[in-house]
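Only one structure is covered here, and it is reproduced in the block below.
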Amino acid sequence: MRKIMNKYNKNKLAALIAIGTMSLMTSGCSENNKQVTTVEKQTNSVLTRTDTRPNIIYILADDLGYGDIGAFGQQHIDTPSLDKMAQQGMRLTQHYAGSTVCAPSRASLVTGKQPGTVQIRGNFELGSFLDEEEWGQMPLRPGTQTIGTLMQKAGYETALIGKWGLGGPGSYGTPNKQGFDYFFGYLDQKQAHNHYPTHLWKNEQRFPLNNEYLDVHQALPEGVDASDPKSYLPYKREDFAQQRIADEALRYVEENKNKPFFLYLSFAAPHAALQAPAEDVKAYDKKQFEETPTAGGYLPVLKPKATRAAMITHIDTSIGKLFAKLKSLGLDKNTLVMFSSDNGPSWEGGADLEFFNSNGDNRGYKRDLYEGGIRMPTIAWWPGKIAENSSSAHVSAFWDIMPTLADLAEVKSPSDTDGISLLPTLLATGKQEKHHHLYWEFHNNNGEHAQAIRLDDDKGHWKAVRLYNKNNRSNPPIELYNLAVDKEEQTNIANLHPKMIEKMDELMKGSRTQADIDAWNFDYWPKAN
């Protein structure tokens, strides 16, 4: 009998017991596999030093919108390194995330599966925001084929530095058990709400930071002057996790300069809470933003506009240092670097997305399946291989990254991947295979659901969106837009194209499998609703 989510707390306890048990059962196997891989790499060390296959760095931002960087139209935030990356490389203007929220989007990226077949289809949280209840999210299953395992088998050194969110401490979903030789960063994405946490993780061990614990979901006490900078001193900490992540990436590249490596570099910014080093925020005084102190469900912020801008510029500065490191080591001509974001921008924490025009010309934000929630600012850079200052409108998505990596590493992609290699587009060689359509689904914690399809033909670039809510729980109407003439998805033309609506309905039904978790299926509604 299927589990029902009205026994949510019991199910979470059962899940935790299963995670702990399976972690113990599989830890020995994982270590043995790791030892074999290590031996193989040591045996072939002479060959790997002369291996001409490229190093690969995949950089992911968190809640960064399509219009949040200069190369995609941003006017207020300084992103010179990413702008230069785009000038020296290729902008992918129709590249889509795996979902409109963190965990399922990252699961799609990591496993090469589209949203209707991926294991993780929502933010299934375990534990709480407390350090002593850091249990993470629903973990990837043992034996999952990931971009980590793919590159390990290809003979690459593999590392994840930054935010994970696909398996908490002690579970079978930790990066070291999912194909990454080295891990440094956040295991639990709830911990990543705080950019000044008490600790990160180095492989399976806690790595302490010089910060006292901080609850990042609180408001200023009543009677406190919101315009007084001193009111915000209790929320200040010194050891910025995003700087630790950036520094560790530089160290990793230096250490592995003589081997082919795959680095998945996953910053946790500009996701709320809005926090950045004081000097980075002060650098935006020159912009003279009109500021209104705010919290937005997270930490109180005196200058929310300058703080969010500083978070993005910090990422940009870190990427600039990474490019400088590659050049100083002579690795720049043999390293592919890709940059993207996990989903659309969020208002949380007091972000003013209208001021920044964070979603560009797109409709919607994080948690929407309109373009603003899933179309990502994506750049690819490989000097001498990718044409400078180029742009591609090829329709692609996160699940295409796995087969692209396989082509670069000269190995076969898993047979069950849903992706198609982007390499012909990136190198402008050969014939680029295209998807028949792209599919997404989203399951909100309040019980609402959504589906979307992108399908191009000779008559249009069709986008279908279906929203399940209290008033439309069964077979809700499908909205239809032609992105070729209506990129902003403002004119619903469903009534003009009944045949296309029938086709979209069939694709929405046929593009998914039943999810293991009840809340990730369209017949689920919380009893409270």
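Naming scheme: A, B, ... for chains in displayed order of the structure tokens; residues 1 onward per chain; ligands 1 onward as shown.
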
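Among the residues of range 342-459 of chain A, backbone DSSP assigns helix (DSSP H, G or I) to Glu348, Gly349, Gly350, Leu353, Glu354, Phe355, Phe356, Glu371, Gly372, Gly373, Ile374, Phe398, Trp399, Asp400, Ile401, Met402, Pro403, Thr404, Leu405, Ala406, Asp407, Leu408, Ala409, Leu423, Pro424, Thr425, Leu426 and Leu427 of chain A.
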
With N, CA, C and O atoms retained, write the just-selected residues as a JSON list (two decimals), in the first residue's frame.
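See part02.json below for the written result:
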```json
[["chain", "number", "residue", "atom", "x", "y", "z"],
["A", 348, "GLU", "N", 12.85, 35.99, -1.53],
["A", 348, "GLU", "CA", 13.10, 35.70, -0.13],
["A", 348, "GLU", "C", 14.28, 36.51, 0.42],
["A", 348, "GLU", "O", 15.24, 36.79, -0.30],
["A", 349, "GLY", "N", 14.19, 36.84, 1.67],
["A", 349, "GLY", "CA", 15.25, 37.59, 2.34],
["A", 349, "GLY", "C", 15.21, 39.08, 2.09],
["A", 349, "GLY", "O", 16.06, 39.82, 2.57],
["A", 350, "GLY", "N", 14.23, 39.53, 1.30],
["A", 350, "GLY", "CA", 14.12, 40.94, 1.01],
["A", 350, "GLY", "C", 14.71, 41.36, -0.31],
["A", 350, "GLY", "O", 14.93, 42.56, -0.55],
["A", 353, "LEU", "N", 13.63, 42.06, -6.74],
["A", 353, "LEU", "CA", 13.87, 41.50, -8.07],
["A", 353, "LEU", "C", 13.39, 42.43, -9.18],
["A", 353, "LEU", "O", 13.93, 42.41, -10.29],
["A", 354, "GLU", "N", 12.38, 43.25, -8.88],
["A", 354, "GLU", "CA", 11.92, 44.21, -9.89],
["A", 354, "GLU", "C", 12.98, 45.28, -10.14],
["A", 354, "GLU", "O", 13.25, 45.64, -11.29],
["A", 355, "PHE", "N", 13.59, 45.78, -9.09],
["A", 355, "PHE", "CA", 14.63, 46.79, -9.24],
["A", 355, "PHE", "C", 15.77, 46.26, -10.11],
["A", 355, "PHE", "O", 16.26, 46.94, -11.01],
["A", 356, "PHE", "N", 16.20, 45.02, -9.82],
["A", 356, "PHE", "CA", 17.32, 44.44, -10.56],
["A", 356, "PHE", "C", 16.91, 43.84, -11.91],
["A", 356, "PHE", "O", 17.77, 43.47, -12.70],
["A", 371, "GLU", "N", 9.08, 30.93, -17.85],
["A", 371, "GLU", "CA", 10.49, 31.01, -18.24],
["A", 371, "GLU", "C", 11.39, 31.58, -17.15],
["A", 371, "GLU", "O", 12.53, 31.15, -16.98],
["A", 372, "GLY", "N", 10.90, 32.55, -16.39],
["A", 372, "GLY", "CA", 11.72, 33.17, -15.36],
["A", 372, "GLY", "C", 12.14, 32.24, -14.25],
["A", 372, "GLY", "O", 13.11, 32.50, -13.54],
["A", 373, "GLY", "N", 11.42, 31.14, -14.08],
["A", 373, "GLY", "CA", 11.75, 30.17, -13.03],
["A", 373, "GLY", "C", 12.72, 29.11, -13.47],
["A", 373, "GLY", "O", 13.36, 28.46, -12.62],
["A", 374, "ILE", "N", 12.88, 28.92, -14.81],
["A", 374, "ILE", "CA", 13.68, 27.78, -15.28],
["A", 374, "ILE", "C", 14.69, 28.10, -16.37],
["A", 374, "ILE", "O", 15.60, 27.30, -16.62],
["A", 398, "PHE", "N", 19.56, 20.90, -18.05],
["A", 398, "PHE", "CA", 20.53, 20.33, -17.12],
["A", 398, "PHE", "C", 20.84, 18.86, -17.42],
["A", 398, "PHE", "O", 21.96, 18.41, -17.24],
["A", 399, "TRP", "N", 19.84, 18.10, -17.84],
["A", 399, "TRP", "CA", 20.07, 16.67, -18.06],
["A", 399, "TRP", "C", 20.94, 16.41, -19.30],
["A", 399, "TRP", "O", 21.34, 15.27, -19.54],
["A", 400, "ASP", "N", 21.26, 17.47, -20.05],
["A", 400, "ASP", "CA", 22.18, 17.33, -21.18],
["A", 400, "ASP", "C", 23.65, 17.40, -20.74],
["A", 400, "ASP", "O", 24.55, 17.08, -21.55],
["A", 401, "ILE", "N", 23.91, 17.80, -19.52],
["A", 401, "ILE", "CA", 25.29, 17.96, -19.08],
["A", 401, "ILE", "C", 26.00, 16.60, -18.97],
["A", 401, "ILE", "O", 27.16, 16.47, -19.36],
["A", 402, "MET", "N", 25.31, 15.57, -18.48],
["A", 402, "MET", "CA", 25.95, 14.26, -18.33],
["A", 402, "MET", "C", 26.48, 13.73, -19.66],
["A", 402, "MET", "O", 27.66, 13.35, -19.76],
["A", 403, "PRO", "N", 25.66, 13.64, -20.73],
["A", 403, "PRO", "CA", 26.21, 13.14, -22.00],
["A", 403, "PRO", "C", 27.28, 14.06, -22.59],
["A", 403, "PRO", "O", 28.17, 13.60, -23.31],
["A", 404, "THR", "N", 27.20, 15.36, -22.29],
["A", 404, "THR", "CA", 28.24, 16.27, -22.75],
["A", 404, "THR", "C", 29.57, 15.94, -22.09],
["A", 404, "THR", "O", 30.63, 15.89, -22.75],
["A", 405, "LEU", "N", 29.53, 15.69, -20.78],
["A", 405, "LEU", "CA", 30.75, 15.29, -20.06],
["A", 405, "LEU", "C", 31.29, 13.98, -20.60],
["A", 405, "LEU", "O", 32.51, 13.80, -20.73],
["A", 406, "ALA", "N", 30.39, 13.05, -20.91],
["A", 406, "ALA", "CA", 30.83, 11.75, -21.44],
["A", 406, "ALA", "C", 31.58, 11.93, -22.76],
["A", 406, "ALA", "O", 32.63, 11.32, -22.97],
["A", 407, "ASP", "N", 31.08, 12.78, -23.64],
["A", 407, "ASP", "CA", 31.76, 13.04, -24.90],
["A", 407, "ASP", "C", 33.14, 13.66, -24.67],
["A", 407, "ASP", "O", 34.12, 13.30, -25.32],
["A", 408, "LEU", "N", 33.21, 14.60, -23.74],
["A", 408, "LEU", "CA", 34.48, 15.26, -23.45],
["A", 408, "LEU", "C", 35.50, 14.28, -22.86],
["A", 408, "LEU", "O", 36.69, 14.35, -23.15],
["A", 409, "ALA", "N", 35.00, 13.35, -22.03],
["A", 409, "ALA", "CA", 35.87, 12.38, -21.38],
["A", 409, "ALA", "C", 36.12, 11.15, -22.26],
["A", 409, "ALA", "O", 36.88, 10.25, -21.88],
["A", 423, "LEU", "N", 27.98, 19.04, -27.05],
["A", 423, "LEU", "CA", 29.31, 19.29, -27.59],
["A", 423, "LEU", "C", 29.29, 19.81, -29.04],
["A", 423, "LEU", "O", 30.06, 20.72, -29.37],
["A", 424, "PRO", "N", 28.42, 19.29, -29.92],
["A", 424, "PRO", "CA", 28.39, 19.86, -31.28],
["A", 424, "PRO", "C", 28.07, 21.35, -31.29],
["A", 424, "PRO", "O", 28.61, 22.09, -32.11],
["A", 425, "THR", "N", 27.19, 21.78, -30.39],
["A", 425, "THR", "CA", 26.87, 23.21, -30.30],
["A", 425, "THR", "C", 28.05, 24.00, -29.76],
["A", 425, "THR", "O", 28.41, 25.05, -30.30],
["A", 426, "LEU", "N", 28.68, 23.49, -28.70],
["A", 426, "LEU", "CA", 29.78, 24.22, -28.08],
["A", 426, "LEU", "C", 30.96, 24.38, -29.03],
["A", 426, "LEU", "O", 31.58, 25.45, -29.09],
["A", 427, "LEU", "N", 31.26, 23.32, -29.78],
["A", 427, "LEU", "CA", 32.43, 23.35, -30.66],
["A", 427, "LEU", "C", 32.09, 23.74, -32.10],
["A", 427, "LEU", "O", 32.99, 23.85, -32.94]]
```

So that I can see what lies close to Ile493 in chain A, please list as a PyMOL selection string the residues with an atom at most 6 Å from it, counting only C-alpha atoms and leaving out residues fewer than 2 positions away in the same chain. chain A and resi 480+495-496

Can you tell me, as a PyMOL selection string, which residues in range 329-494 of chain A count as strand (DSSP E or B) by DSSP? chain A and resi 335-341+375-381+390-392+396-397+438-443+449-457+460-469+472+478-482

Residues near Val281 in chain A, anyone? I mean within 12 Å using only C-alpha atoms, not counting same-chain ones fewer than 6 positions away, as a ChimeraX atom specification. /A:77,274-275,287-289,301-314

Using only C-alpha atoms, I'd like a table of the residues in range 265-353 of chain A that come within 7 Å of range 212-232 of chain A; for each, show the closest atom pair and its distance in Å rounded to one decimal, ordered by chain and ascending number, as a tab-separated table.
```
residue	atom	partner	partner_atom	distance
A:Ala273	CA	A:Val216	CA	6.6
A:Pro293	CA	A:Ala226	CA	6.5
A:Ala295	CA	A:Ala219	CA	6.4
A:Gly297	CA	A:His217	CA	5.9
A:Tyr298	CA	A:His217	CA	4.2
A:Leu299	CA	A:Val216	CA	5.1
A:Pro300	CA	A:Ala219	CA	5.7
A:Leu302	CA	A:Pro229	CA	6.9
```

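Using only C-alpha atoms, the shortest contact distance between Gly167 in chain A and any of A:Tyr252, A:Tyr182, A:Tyr370, A:Trp135 is found at A:Trp135.
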
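One finds CA of Asp518 in chain A at 17.8 Å from CA of Asn475 in chain A.
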
Applying 10 Å and only C-alpha atoms, which residues near Asp78 in chain A remain after dropping the ones on its own chain fewer than 2 positions away? List them as an NGL selection string. :A and (68-70 or 74-76 or 80-83 or 284 or 309-310 or 312-314 or 316-317)

Write to file, as a PDB file, in the first residue's frame, the residues of the selection just made, with N, CA, C and O atoms.
```pdb
ATOM      1  N   ASP A  68      20.466  38.567 -14.030  1.00  0.00           N
ATOM      2  CA  ASP A  68      21.250  39.024 -12.882  1.00  0.00           C
ATOM      3  C   ASP A  68      22.716  39.307 -13.178  1.00  0.00           C
ATOM      4  O   ASP A  68      23.442  39.757 -12.289  1.00  0.00           O
ATOM      5  N   ILE A  69      23.198  39.020 -14.386  1.00  0.00           N
ATOM      6  CA  ILE A  69      24.594  39.313 -14.719  1.00  0.00           C
ATOM      7  C   ILE A  69      24.643  40.175 -15.977  1.00  0.00           C
ATOM      8  O   ILE A  69      23.733  40.138 -16.815  1.00  0.00           O
ATOM      9  N   GLY A  70      25.723  40.941 -16.091  1.00  0.00           N
ATOM     10  CA  GLY A  70      25.826  41.906 -17.177  1.00  0.00           C
ATOM     11  C   GLY A  70      25.699  41.307 -18.553  1.00  0.00           C
ATOM     12  O   GLY A  70      25.099  41.906 -19.449  1.00  0.00           O
ATOM     13  N   GLN A  74      22.040  42.750 -17.088  1.00  0.00           N
ATOM     14  CA  GLN A  74      22.006  43.421 -15.792  1.00  0.00           C
ATOM     15  C   GLN A  74      22.670  44.791 -15.850  1.00  0.00           C
ATOM     16  O   GLN A  74      23.759  44.950 -16.400  1.00  0.00           O
ATOM     17  N   GLN A  75      22.017  45.788 -15.220  1.00  0.00           N
ATOM     18  CA  GLN A  75      22.501  47.162 -15.247  1.00  0.00           C
ATOM     19  C   GLN A  75      23.071  47.646 -13.912  1.00  0.00           C
ATOM     20  O   GLN A  75      23.828  48.616 -13.884  1.00  0.00           O
ATOM     21  N   HIS A  76      22.709  46.995 -12.814  1.00  0.00           N
ATOM     22  CA  HIS A  76      23.058  47.514 -11.486  1.00  0.00           C
ATOM     23  C   HIS A  76      24.138  46.718 -10.766  1.00  0.00           C
ATOM     24  O   HIS A  76      24.761  47.235  -9.830  1.00  0.00           O
ATOM     25  N   PRO A  80      32.114  41.776 -13.904  1.00  0.00           N
ATOM     26  CA  PRO A  80      33.095  41.871 -14.997  1.00  0.00           C
ATOM     27  C   PRO A  80      33.698  40.536 -15.421  1.00  0.00           C
ATOM     28  O   PRO A  80      33.992  40.337 -16.605  1.00  0.00           O
ATOM     29  N   SER A  81      33.893  39.616 -14.474  1.00  0.00           N
ATOM     30  CA  SER A  81      34.511  38.327 -14.828  1.00  0.00           C
ATOM     31  C   SER A  81      33.583  37.480 -15.678  1.00  0.00           C
ATOM     32  O   SER A  81      34.009  36.877 -16.678  1.00  0.00           O
ATOM     33  N   LEU A  82      32.300  37.432 -15.299  1.00  0.00           N
ATOM     34  CA  LEU A  82      31.339  36.663 -16.088  1.00  0.00           C
ATOM     35  C   LEU A  82      31.086  37.334 -17.432  1.00  0.00           C
ATOM     36  O   LEU A  82      30.898  36.655 -18.453  1.00  0.00           O
ATOM     37  N   ASP A  83      31.095  38.647 -17.455  1.00  0.00           N
ATOM     38  CA  ASP A  83      30.931  39.349 -18.731  1.00  0.00           C
ATOM     39  C   ASP A  83      32.097  39.040 -19.670  1.00  0.00           C
ATOM     40  O   ASP A  83      31.907  38.822 -20.873  1.00  0.00           O
ATOM     41  N   TYR A 284      29.268  49.043  -2.783  1.00  0.00           N
ATOM     42  CA  TYR A 284      28.097  49.462  -3.554  1.00  0.00           C
ATOM     43  C   TYR A 284      27.541  50.805  -3.101  1.00  0.00           C
ATOM     44  O   TYR A 284      26.517  51.262  -3.631  1.00  0.00           O
ATOM     45  N   ALA A 309      23.500  42.472  -4.323  1.00  0.00           N
ATOM     46  CA  ALA A 309      24.454  42.787  -5.396  1.00  0.00           C
ATOM     47  C   ALA A 309      25.859  42.358  -5.010  1.00  0.00           C
ATOM     48  O   ALA A 309      26.604  41.794  -5.831  1.00  0.00           O
ATOM     49  N   ALA A 310      26.242  42.591  -3.748  1.00  0.00           N
ATOM     50  CA  ALA A 310      27.575  42.207  -3.268  1.00  0.00           C
ATOM     51  C   ALA A 310      27.762  40.697  -3.297  1.00  0.00           C
ATOM     52  O   ALA A 310      28.862  40.203  -3.598  1.00  0.00           O
ATOM     53  N   ILE A 312      26.450  38.609  -5.433  1.00  0.00           N
ATOM     54  CA  ILE A 312      26.663  38.207  -6.824  1.00  0.00           C
ATOM     55  C   ILE A 312      28.045  38.636  -7.302  1.00  0.00           C
ATOM     56  O   ILE A 312      28.756  37.874  -7.976  1.00  0.00           O
ATOM     57  N   THR A 313      28.448  39.843  -6.926  1.00  0.00           N
ATOM     58  CA  THR A 313      29.781  40.309  -7.311  1.00  0.00           C
ATOM     59  C   THR A 313      30.870  39.466  -6.659  1.00  0.00           C
ATOM     60  O   THR A 313      31.933  39.234  -7.261  1.00  0.00           O
ATOM     61  N   HIS A 314      30.626  38.981  -5.447  1.00  0.00           N
ATOM     62  CA  HIS A 314      31.605  38.110  -4.792  1.00  0.00           C
ATOM     63  C   HIS A 314      31.813  36.829  -5.596  1.00  0.00           C
ATOM     64  O   HIS A 314      32.950  36.376  -5.779  1.00  0.00           O
ATOM     65  N   ASP A 316      31.333  36.543  -8.779  1.00  0.00           N
ATOM     66  CA  ASP A 316      32.022  36.976  -9.987  1.00  0.00           C
ATOM     67  C   ASP A 316      33.521  37.155  -9.736  1.00  0.00           C
ATOM     68  O   ASP A 316      34.357  36.710 -10.543  1.00  0.00           O
ATOM     69  N   THR A 317      33.868  37.791  -8.638  1.00  0.00           N
ATOM     70  CA  THR A 317      35.281  37.988  -8.296  1.00  0.00           C
ATOM     71  C   THR A 317      35.983  36.650  -8.098  1.00  0.00           C
ATOM     72  O   THR A 317      37.127  36.457  -8.554  1.00  0.00           O
TER      73      THR A 317
END
```

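For the pair CA of Asp457 in chain A and CA of His436 in chain A, the separation is 9.1 Å.
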
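Relative to CA of Thr513 in chain A, CA of Ala107 in chain A is found at 15.8 Å.
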
For range 46-136 of chain A versus range 376-390 of chain A, which residues have an atom no more than 6 Å away, and what is each residue's nearest atom pair and distance in Å rounded to one decimal, using only C-alpha atoms, chain-then-number order, as CSV?
```
residue,atom,partner,partner_atom,distance
A:Tyr66,CA,A:Pro377,CA,4.6
A:Gln87,CA,A:Asn389,CA,4.3
A:Gln88,CA,A:Glu388,CA,4.4
A:Gly89,CA,A:Trp381,CA,4.4
A:Met90,CA,A:Ser390,CA,4.6
A:Arg91,CA,A:Ile379,CA,4.6
A:Leu92,CA,A:Thr378,CA,5.3
A:His95,CA,A:Met376,CA,5.8
A:Tyr96,CA,A:Met376,CA,5.6
```
